[in-house]
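Colleague: Have a peek at work-v6.pdb (PDB, C-alpha atoms, pLDDT in the B column).
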```pdb
ATOM      1  CA  MET A  24       5.150  -7.013  78.336  1.00 70.00           C
ATOM      2  CA  SER A  25       7.573  -8.393  75.764  1.00 92.00           C
ATOM      3  CA  VAL A  26       7.078 -12.027  74.745  1.00 95.00           C
ATOM      4  CA  GLU A  27       9.676 -14.296  73.191  1.00 96.00           C
ATOM      5  CA  LYS A  28       9.617 -17.769  71.678  1.00 97.00           C
ATOM      6  CA  VAL A  29      11.646 -20.365  73.555  1.00 98.00           C
ATOM      7  CA  ILE A  30      12.842 -23.942  73.203  1.00 98.00           C
ATOM      8  CA  ILE A  31      12.970 -25.988  76.399  1.00 98.00           C
ATOM      9  CA  THR A  32      15.225 -29.036  76.594  1.00 98.00           C
ATOM     10  CA  VAL A  33      13.973 -31.600  79.102  1.00 98.00           C
ATOM     11  CA  ALA A  34      16.505 -33.659  81.061  1.00 98.00           C
ATOM     12  CA  ASP A  35      16.802 -37.283  79.910  1.00 97.00           C
ATOM     13  CA  SER A  36      15.693 -38.474  83.339  1.00 97.00           C
ATOM     14  CA  ASP A  37      12.416 -36.522  82.999  1.00 97.00           C
ATOM     15  CA  VAL A  38      11.459 -37.218  79.356  1.00 97.00           C
ATOM     16  CA  SER A  39       9.037 -39.933  80.492  1.00 97.00           C
ATOM     17  CA  SER A  40       7.120 -37.262  82.445  1.00 98.00           C
ATOM     18  CA  ILE A  41       7.404 -34.503  79.813  1.00 98.00           C
ATOM     19  CA  GLN A  42       3.683 -33.655  80.042  1.00 98.00           C
ATOM     20  CA  SER A  43       4.131 -32.929  83.743  1.00 98.00           C
ATOM     21  CA  VAL A  44       7.105 -30.685  82.936  1.00 99.00           C
ATOM     22  CA  ALA A  45       4.946 -28.869  80.348  1.00 99.00           C
ATOM     23  CA  ASP A  46       2.225 -28.354  82.980  1.00 98.00           C
ATOM     24  CA  LYS A  47       4.774 -26.863  85.389  1.00 98.00           C
ATOM     25  CA  LEU A  48       6.024 -24.537  82.634  1.00 98.00           C
ATOM     26  CA  ARG A  49       2.441 -23.391  82.033  1.00 98.00           C
ATOM     27  CA  SER A  50       2.079 -22.623  85.736  1.00 97.00           C
ATOM     28  CA  GLU A  51       5.163 -20.380  85.446  1.00 96.00           C
ATOM     29  CA  GLY A  52       3.516 -18.375  82.666  1.00 96.00           C
ATOM     30  CA  MET A  53       4.664 -20.173  79.513  1.00 98.00           C
ATOM     31  CA  LYS A  54       2.249 -20.660  76.621  1.00 98.00           C
ATOM     32  CA  VAL A  55       3.189 -24.169  75.448  1.00 98.00           C
ATOM     33  CA  ASP A  56       2.869 -24.689  71.686  1.00 98.00           C
ATOM     34  CA  ASN A  57       4.453 -28.117  71.134  1.00 98.00           C
ATOM     35  CA  VAL A  58       5.518 -31.029  73.318  1.00 98.00           C
ATOM     36  CA  LEU A  59       7.879 -33.321  71.410  1.00 98.00           C
ATOM     37  CA  CYS A  60       7.866 -36.433  73.573  1.00 96.00           C
ATOM     38  CA  THR A  61      10.428 -38.449  71.625  1.00 95.00           C
ATOM     39  CA  SER A  62      13.070 -35.727  71.498  1.00 96.00           C
ATOM     40  CA  GLY A  63      12.424 -34.187  74.925  1.00 98.00           C
ATOM     41  CA  ILE A  64      11.721 -30.714  73.560  1.00 98.00           C
ATOM     42  CA  ILE A  65       8.972 -28.249  74.507  1.00 99.00           C
ATOM     43  CA  THR A  66       8.390 -25.077  72.487  1.00 98.00           C
ATOM     44  CA  GLY A  67       6.314 -22.041  73.258  1.00 98.00           C
ATOM     45  CA  GLU A  68       6.238 -18.399  74.310  1.00 98.00           C
ATOM     46  CA  VAL A  69       6.950 -16.651  77.585  1.00 98.00           C
ATOM     47  CA  SER A  70       7.352 -13.086  78.766  1.00 96.00           C
ATOM     48  CA  LYS A  71      10.933 -11.962  79.203  1.00 91.00           C
ATOM     49  CA  GLU A  72      10.105 -11.326  82.858  1.00 91.00           C
ATOM     50  CA  ASN A  73       9.157 -14.994  83.412  1.00 92.00           C
ATOM     51  CA  ARG A  74      11.868 -16.600  81.268  1.00 93.00           C
ATOM     52  CA  ASP A  75      14.347 -17.064  84.119  1.00 91.00           C
ATOM     53  CA  LYS A  76      11.676 -18.811  86.227  1.00 94.00           C
ATOM     54  CA  LEU A  77      11.515 -21.604  83.634  1.00 97.00           C
ATOM     55  CA  LYS A  78      15.108 -22.625  84.356  1.00 94.00           C
ATOM     56  CA  SER A  79      14.167 -23.583  87.918  1.00 96.00           C
ATOM     57  CA  VAL A  80      11.346 -25.954  86.883  1.00 98.00           C
ATOM     58  CA  LYS A  81      12.187 -29.557  87.791  1.00 98.00           C
ATOM     59  CA  GLY A  82      13.065 -31.462  84.628  1.00 98.00           C
ATOM     60  CA  VAL A  83      14.221 -28.443  82.611  1.00 98.00           C
ATOM     61  CA  LEU A  84      17.780 -28.860  81.372  1.00 98.00           C
ATOM     62  CA  ASP A  85      18.008 -25.707  79.240  1.00 97.00           C
ATOM     63  CA  VAL A  86      15.994 -22.697  78.027  1.00 97.00           C
ATOM     64  CA  GLU A  87      17.021 -21.182  74.686  1.00 96.00           C
ATOM     65  CA  PRO A  88      15.542 -18.522  72.420  1.00 94.00           C
ATOM     66  CA  ASP A  89      13.728 -19.949  69.390  1.00 92.00           C
ATOM     67  CA  GLU A  90      15.318 -17.927  66.613  1.00 84.00           C
ATOM     68  CA  ASP A  91      14.716 -17.980  62.886  1.00 78.00           C
ATOM     69  CA  MET A  92      17.352 -19.768  60.855  1.00 71.00           C
ATOM     70  CA  GLN A  93      18.436 -18.878  57.354  1.00 74.00           C
ATOM     71  CA  ALA A  94      20.049 -21.075  54.757  1.00 78.00           C
ATOM     72  CA  ILE A  95      23.230 -19.716  53.272  1.00 78.00           C
TER
END
```
Could you write out this structure as structure tokens?

Modeller:
Amino acid sequence: MSVEKVIITVADSDVSSIQSVADKLRSEGMKVDNVLCTSGIITGEVSKENRDKLKSVKGVLDVEPDEDMQAI
């Protein structure tokens, strides 16, 4: 099973309940690493097979790969 790091953007309307969104993501198989309450971001890891399930969690606005960045 291949695992990838992801960044979840929480909808503005659900930022106040971000911990609940994180719990729902866990129930869909995501290993949550960080919950950034102020910015509405959740980071973690999920199998590629379960990644698409995260998009249907109430409160999730977007699911993006967490890729390394390089300075030029």

Colleague: Given all atoms listed in the file as the basis, pick out the residue of A:Leu59, A:Ala94, A:Ile41, A:Ile30 nearest to Arg74 (chain A).

Modeller: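 Ranked by minimum distance to Arg74 (chain A), first place goes to A:Ile30.
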
Colleague: Using only C-alpha atoms, find the one residue out of A:Met53, A:Val26, A:Val44, A:Ser36 that sits nearest to Lys76 (chain A).

Modeller: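 Once distances to Lys76 (chain A) are computed over only C-alpha atoms, the minimum belongs to A:Met53.
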
Colleague: Would you work out the distance separating CA of Ala45 (chain A) from CA of Glu68 (chain A), expressed in Å to one decimal?

Modeller: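 Between these atoms lies a distance of 12.2 Å.
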
Colleague: Pick out the closest residue to Glu51 (chain A) from this set: A:Leu77, A:Glu72, A:Gly63, A:Val29. Count only C-alpha atoms.

Modeller: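 Selected residue with least distance to Glu51 (chain A): A:Leu77.
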
Colleague: Run through the PyMOL selection byres ((chain A and resi 65) around 12) on the given coordinates and return the selected residues as JSON, numbers by chain.

Modeller: {"A": [28, 29, 30, 31, 32, 33, 34, 38, 41, 42, 43, 44, 45, 46, 47, 48, 49, 53, 54, 55, 56, 57, 58, 59, 60, 61, 62, 63, 64, 66, 67, 68, 77, 82, 83, 84, 85, 86, 87, 88, 89]}

Colleague: Go through A:Val80, A:Ser70, A:Glu90, A:Asp75 one by one, measure the shortest atom-to-atom distance of each to Met24 (chain A) using all atoms listed in the file, and give the residue with the smallest value.

Modeller: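 Of A:Val80, A:Ser70, A:Glu90, A:Asp75, the one nearest Met24 (chain A) is A:Ser70, counting all atoms listed in the file.
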